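In what follows, a structure is listed as structure tokens, so that the remarks can point back to it.
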Amino acid sequence: MLYHLPYHNKQKPAGKNMMQHYDTKGTSDENLSSLEISTKQNDADFATAIDIQNENFISSQIARHFPTHEIIGEESTGTGSVPPLSSSEPTWIIDPIDGTTNFAAGLPLSCVSIGFCLKGRPYMGVVYAPMTNELYLAVRNLGAYRNGILLSKCTGDKSAKTLSNAVVCFEFGYARTDRGVDDMVDAVRRLLKHGVRTTRTLGSGVLDLCYVACGRMDVAYTGVAEEGWKPWDYCAGLVVAMEAGCTVGHLERDGGEGYGFDMYSKSMICGVNEVVVEQCRNVVMGV
């Protein structure tokens, strides 16, 4: 029944309009100029015309149905400070394309992400990945679903997972200073020397959380250097992960965990169980 709620109807048109670029990438029909790429902080941080179209479409639909609700969007925020999350007003948090670099390059790992907060806490998450045609939908205390099928909680192999046999995901982001690069690379070096099954960098924080939620990866982290995420990278995926029984917290242990996680924090770690999260956190932070 949860899957048939109307929340996901805003998502698919905003994902389907990404398909023309994906379908034509690398062919004689490709028209890169139509993406109208514009940089933000640096050449690694940019938006496309599709990012802006998606956010405008989603925001207009939300405003039409919920005119009193607040909206925080990645592209409307731009390089300015992120608006504070209201503890009294229902708030939607939008990432019109998470994984814009992947999208522009024609790599399939990107998605549209819509999170919904009540009383300043994440309450609902909807994530649509058009190239894999996967729709994740989660509502607090009602479970997490992928294409209408309930995701398993932390049982079986998930509950027994430890760092030595884990698939560990990290995102390097935009850090380019000597210190930032050294900190990020040193964390990966410590993981490899400790021993893990393998490491992955997907280029989409929202999908990192969704893939941990469904057991494709075992733990994901960000925030070793200045590469930490923003509320639109966390909100929807956090609800999916929490409803799938994952453990979510901060690398520094200085903030709330689970639904109390501070989405304005610059660090995060999410894993399929508490043990693998604590083991990964200790190694990454050099404890």
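In the structure tokens, each chain is lettered A, B, ... as it comes, each chain's residues begin at 1, and ligands are numbered from 1 in order of appearance.
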Enumerate as an NGL selection string all residues of segment 36-264 of chain A assigned to strand (DSSP E) by DSSP on the backbone, naming them with the chain letters and numbers the document uses.
-> :A and (38-39 or 46-47 or 70-73 or 91-98 or 111-118 or 121-129 or 134-139 or 143-146 or 149-150 or 167-170 or 198-200 or 219-222 or 247-249)
Using only C-alpha atoms, find each residue in segment 67-179 of chain A having at least one atom no more than 8 Å away from segment 14-34 of chain A; report its shortest atom-to-atom pair and that distance in Å (one decimal), rows by chain then rising number, as CSV.
residue,atom,partner,partner_atom,distance
A:Pro96,CA,A:Ala14,CA,7.6
A:Phe103,CA,A:Tyr22,CA,7.4
A:Ala104,CA,A:His21,CA,7.9
A:Ala105,CA,A:Lys25,CA,7.8
A:Gly106,CA,A:Tyr22,CA,5.3
A:Leu107,CA,A:Tyr22,CA,7.8
A:Pro108,CA,A:Tyr22,CA,7.7
A:Cys111,CA,A:Gly15,CA,7.2
A:Val112,CA,A:Gly15,CA,6.2
A:Tyr128,CA,A:Gly15,CA,6.7
A:Ala129,CA,A:Gly15,CA,7.1
A:Pro130,CA,A:Gly15,CA,5.4
A:Met131,CA,A:Met19,CA,7.4
Using only C-alpha atoms, which residue out of A:Val224, A:Lys153, A:His194, A:Leu142 lies closest to Glu171 of chain A?
-> A:Val224
If we count only C-alpha atoms and set the cut-off at 8 Å, which residues sit around Ala49 of chain A, ignoring sequence neighbours fewer than 2 positions away in its own chain? Please answer as an mmCIF file with C-alpha atoms, in the first residue's frame.
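File produced: selection-v9.cif:
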data_model
loop_
_atom_site.group_PDB
_atom_site.id
_atom_site.type_symbol
_atom_site.label_atom_id
_atom_site.label_comp_id
_atom_site.auth_asym_id
_atom_site.auth_seq_id
_atom_site.Cartn_x
_atom_site.Cartn_y
_atom_site.Cartn_z
ATOM 1 C CA SER A 34 22.170 21.231 -24.436
ATOM 2 C CA LEU A 35 23.229 20.420 -20.869
ATOM 3 C CA GLU A 36 24.226 24.083 -20.376
ATOM 4 C CA ILE A 37 26.808 23.202 -17.721
ATOM 5 C CA ALA A 47 25.027 21.992 -12.441
ATOM 6 C CA ASP A 51 19.314 19.889 -12.592
ATOM 7 C CA ILE A 52 17.556 23.249 -12.720
ATOM 8 C CA GLN A 53 14.574 21.937 -14.713
#
Nearest to Arg216 of chain A by atom-to-atom distance, counting only C-alpha atoms, from A:Gly271, A:Pro67, A:Gly173, A:Gly258 =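 Closest to Arg216 of chain A of all the choices is A:Gly271.
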For Gly260 of chain A, please output as a compact mmCIF listing (two decimals) with C-alpha atoms, in the first residue's frame all residues within 10 Å (counting only C-alpha atoms; exclusion window: fewer than 4 positions along the same chain).
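That gives us selection.txt:
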# COMPACT_ATOMS: atom_id res chain seq x y z
CA GLY A 120 13.00 19.23 11.93
CA ARG A 121 13.60 15.49 11.43
CA PRO A 122 13.59 13.34 8.28
CA VAL A 248 23.71 6.05 10.86
CA GLY A 249 25.94 8.48 12.75
CA GLY A 255 26.27 14.45 16.94
CA GLY A 256 23.00 12.58 17.03
Could you name the residues that touch Ser110 of chain A at 7 Å or less, counting only C-alpha atoms, but leaving out those on the same chain fewer than 5 positions away, as a ChimeraX atom specification?
-> /A:97-100,102-103,129,204
Taking the backbone alone, and naming residues the way the document does, which bits of segment 39-258 of chain A are helix (DSSP H, G or I) by DSSP, as JSON, numbers by chain?
-> {"A": [49, 50, 51, 52, 53, 54, 55, 56, 57, 58, 59, 60, 61, 62, 63, 64, 65, 74, 75, 76, 77, 100, 101, 102, 103, 104, 105, 157, 158, 159, 160, 163, 164, 165, 178, 179, 180, 181, 182, 183, 184, 185, 186, 187, 188, 189, 190, 191, 192, 193, 194, 205, 206, 207, 208, 209, 210, 211, 212, 213, 231, 232, 233, 234, 235, 236, 237, 238, 239, 240, 241, 242, 243, 258]}
Given the choices A:Val168, A:Leu207, A:Met242, A:Leu251, which gets closest to Ala138 of chain A if the distance is worked out from only C-alpha atoms?
->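 Smallest separation from Ala138 of chain A among the options: A:Met242.
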Quick one: contact table of segment 170-258 of chain A to segment 71-86 of chain A, 10 Å max, nearest atom pair and distance in Å to one decimal per residue, counting only C-alpha atoms, chain and number order, as a Markdown table?
| residue | atom | partner | partner_atom | distance |
| --- | --- | --- | --- | --- |
| A:Lys230 | CA | A:Val82 | CA | 8.2 |
| A:Pro231 | CA | A:Val82 | CA | 8.3 |
| A:Trp232 | CA | A:Glu74 | CA | 6.7 |
| A:Asp233 | CA | A:Glu74 | CA | 9.2 |
Please write the residues from the selection above to a file, keeping N, CA, C and O atoms, as a PDB file, in the first residue's frame.
ATOM      1  N   LYS A 230      25.712  17.723   2.123  1.00  0.00           N
ATOM      2  CA  LYS A 230      24.732  18.735   2.505  1.00  0.00           C
ATOM      3  C   LYS A 230      23.393  18.033   2.803  1.00  0.00           C
ATOM      4  O   LYS A 230      23.225  16.852   2.501  1.00  0.00           O
ATOM      5  N   PRO A 231      22.422  18.751   3.389  1.00  0.00           N
ATOM      6  CA  PRO A 231      21.153  18.105   3.745  1.00  0.00           C
ATOM      7  C   PRO A 231      20.488  17.360   2.596  1.00  0.00           C
ATOM      8  O   PRO A 231      19.855  16.309   2.815  1.00  0.00           O
ATOM      9  N   TRP A 232      20.576  17.874   1.369  1.00  0.00           N
ATOM     10  CA  TRP A 232      19.931  17.184   0.244  1.00  0.00           C
ATOM     11  C   TRP A 232      20.653  15.881  -0.129  1.00  0.00           C
ATOM     12  O   TRP A 232      20.086  15.035  -0.806  1.00  0.00           O
ATOM     13  N   ASP A 233      21.904  15.723   0.306  1.00  0.00           N
ATOM     14  CA  ASP A 233      22.605  14.451   0.092  1.00  0.00           C
ATOM     15  C   ASP A 233      22.197  13.414   1.131  1.00  0.00           C
ATOM     16  O   ASP A 233      22.333  12.212   0.903  1.00  0.00           O
TER      17      ASP A 233
END
Do you have the atom CA of Ala63 of chain A-atom CA of Pro90 of chain A distance handy?
-> 12.0 Å
